[in-house]
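Reading through the structure tokens given below for one structure.
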Amino acid sequence: MSDTVLVLNSGSSSIKFGLFELPASGPDLLCNGLLDEHEAAPRLVVKSPAGETMFEARKDASDTNSGHLFAEVLAFIDERFGEHRLRAIGYRIVHGGPDYSGPVELTDDVYAKLAALTPLAPLHQPRCLEPVRTIQAIRPGLTQIACFDTAFHHSMAQPASRFAIPRRYEERGVRRYGFHGLSFEYVAGRLAAIAPQLVAKRTVIAHLGNGASLCALRDGRSVDTTMGLTPLDGLVMGTRCGAIDPGVLLYLQQHQNMSSEDIQHLLYNESGLRGVSGISADMRTLLASSEAAAREAVDLFVFRAAQEIAMMATTLEGLDCLVFTGGIGEHAKEIRSAIGERLSWLGVSIDAAANDAARERISGGDSAVEVFVIPTNEELTIARHCAAVLQTIESYPISP
């Protein structure tokens, strides 16, 4: 009987998941799927690695049992992959704070510490932790493992990790943590496999999607990133503003009579591409639109991305490699091209035909910077971490 691990990657209104077999050679995908709660009747879809639908279910809108679809997933796994033994559930947890620089088993104590970090990621952290208790109730005794988006950036040193505020706050954990670490870790590993000569070079990975951030890498390690204490900082995102003058927030509070809750909702849900365009948070919609406001939102996204890539190059003291990943980075050729044009002074040149075809390497022959498009795979990264943790706790009992 071979072992498997189920990986859950929680987003704002959906949860991606994957079931991985754990052979000695490394995790092997058996199926993946989506718990989609966008619609009035949330749905579950499970697909094979080849993309064929294996199972589909919907939860009635009147069903208030939040664990219903999780139970469906586990029941499907038991029925379809009963010859395997489910060893653990692995979770993407957005914030690990100062204490967690690697994956850990989710004990009650760890769970409490992670829940206490909710103020640092008020929309993301509860969403990531919610399934933990639900699955614990459905399948008590099953090992649960937390993998952190902040962990990859623990190699980031001062001054990159520091805010210019009184030190007493830094001593309380107020510092720049960075996020999207599971994505950056995967892409850094793929880049090392594709172009090992670039590992020691100066690289910026651009994870561009509804959430977006950059990571500056040297020797495969994070030395700087655009997100800070929370996932709000840095680039323009789907509904988040990115970097903003703190005086704007004081103005909204003091002169527009907005409460902290109002400001939080504005910054997380009403800003970014949605706020500037007044049309949509979806880059595909904006690129297809003829509205001036849509073009202005796209232009701001590109402007800020190029600006912050240049900032990462300053940290690295140069730029040898630029990698695009994430939903926009992987699929929006127009955005890659526009960012490349803005960075031509840094020696970036993108080959139009390669970019249109989203080839792995899209830099032009005259480019001083190697440019790649590498699809990310956070679920595989989590599965790898879970396999490593399980090796240290093999004596733990596993529920049937």
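Identifiers in this document derive from the order of the structure tokens: chains are assigned A, B, ..., residues are numbered from 1 separately in each chain, and ligands are numbered from 1 in order of occurrence.
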- Message: as JSON, numbers by chain, please: every residue in region 5-208 of chain A that DSSP puts in strand (DSSP E).
- Response: {"A": [5, 6, 7, 8, 9, 10, 14, 15, 16, 17, 18, 19, 20, 21, 28, 29, 30, 31, 32, 33, 34, 35, 36, 43, 44, 45, 46, 47, 53, 54, 55, 56, 57, 58, 85, 86, 87, 88, 89, 90, 91, 92, 93, 104, 105, 143, 144, 145, 146, 147, 148, 202, 203, 204, 205, 206, 207]}
Could you take the residues named above and write them with C-alpha atoms, as a compact mmCIF listing (two decimals), in the first residue's frame?
# COMPACT_ATOMS: atom_id res chain seq x y z
CA VAL A 5 -0.88 13.31 0.78
CA LEU A 6 -3.77 15.65 0.03
CA VAL A 7 -2.73 19.29 -0.54
CA LEU A 8 -5.14 22.19 0.00
CA ASN A 9 -4.29 25.64 -1.40
CA SER A 10 -6.90 28.14 -0.21
CA SER A 14 -11.86 28.81 -3.99
CA ILE A 15 -9.57 26.04 -2.84
CA LYS A 16 -7.26 24.24 -5.24
CA PHE A 17 -6.23 20.77 -4.18
CA GLY A 18 -4.11 17.88 -5.34
CA LEU A 19 -3.66 14.28 -4.28
CA PHE A 20 -0.05 13.13 -4.53
CA GLU A 21 1.47 9.68 -4.24
CA ASP A 28 3.52 12.16 -8.14
CA LEU A 29 0.14 13.76 -8.92
CA LEU A 30 -2.83 11.36 -8.92
CA CYS A 31 -5.60 13.93 -9.34
CA ASN A 32 -6.30 17.59 -8.71
CA GLY A 33 -9.34 19.78 -8.43
CA LEU A 34 -11.14 22.85 -7.26
CA LEU A 35 -13.60 23.68 -4.52
CA ASP A 36 -15.22 26.73 -6.13
CA ARG A 43 -19.10 23.06 -6.75
CA LEU A 44 -16.39 20.47 -6.49
CA VAL A 45 -14.51 19.30 -9.58
CA VAL A 46 -11.83 16.59 -9.58
CA LYS A 47 -9.67 15.97 -12.66
CA THR A 53 -13.11 15.12 -15.22
CA MET A 54 -13.18 12.28 -12.69
CA PHE A 55 -15.83 13.58 -10.28
CA GLU A 56 -18.12 16.58 -9.89
CA ALA A 57 -20.53 17.62 -7.16
CA ARG A 58 -22.43 20.72 -6.08
CA ARG A 85 -3.04 5.14 2.32
CA LEU A 86 -3.79 8.82 2.97
CA ARG A 87 -1.01 9.88 5.31
CA ALA A 88 -1.57 13.60 5.72
CA ILE A 89 -3.24 16.84 4.63
CA GLY A 90 -0.88 19.64 3.65
CA TYR A 91 -2.01 23.28 3.75
CA ARG A 92 -0.75 26.50 2.28
CA ILE A 93 -0.73 28.91 5.22
CA VAL A 104 5.43 21.94 10.73
CA GLU A 105 2.80 19.52 11.94
CA THR A 143 -1.77 14.25 10.34
CA GLN A 144 -2.09 17.86 9.19
CA ILE A 145 0.91 19.89 8.04
CA ALA A 146 1.31 23.64 7.59
CA CYS A 147 3.51 25.04 4.81
CA PHE A 148 4.12 28.78 4.83
CA ARG A 202 21.00 37.97 -10.08
CA THR A 203 17.39 36.91 -10.65
CA VAL A 204 13.97 38.51 -10.14
CA ILE A 205 10.87 36.32 -10.16
CA ALA A 206 7.63 38.17 -10.94
CA HIS A 207 4.62 36.31 -9.53
For region 81-177 of chain A against region 239-263 of chain A, with a cut-off of 12 Å and counting only C-alpha atoms, what is the closest atom pair and its distance in Å to one decimal for every residue that makes the cut, ordered by chain and number, as CSV?
residue,atom,partner,partner_atom,distance
A:Pro119,CA,A:Glu261,CA,11.8
A:Pro122,CA,A:Glu261,CA,10.6
A:Leu123,CA,A:Arg240,CA,11.6
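With only C-alpha atoms as the atoms that count, the residue of A:Ala71, A:Ile328, A:Cys128, A:Ala354 with the shortest distance to Phe301 (chain A) is A:Ile328.
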- Item | Backbone DSSP call of alpha helix (DSSP H) for region 83-150 of chain A, listed as a count of residues only | 23
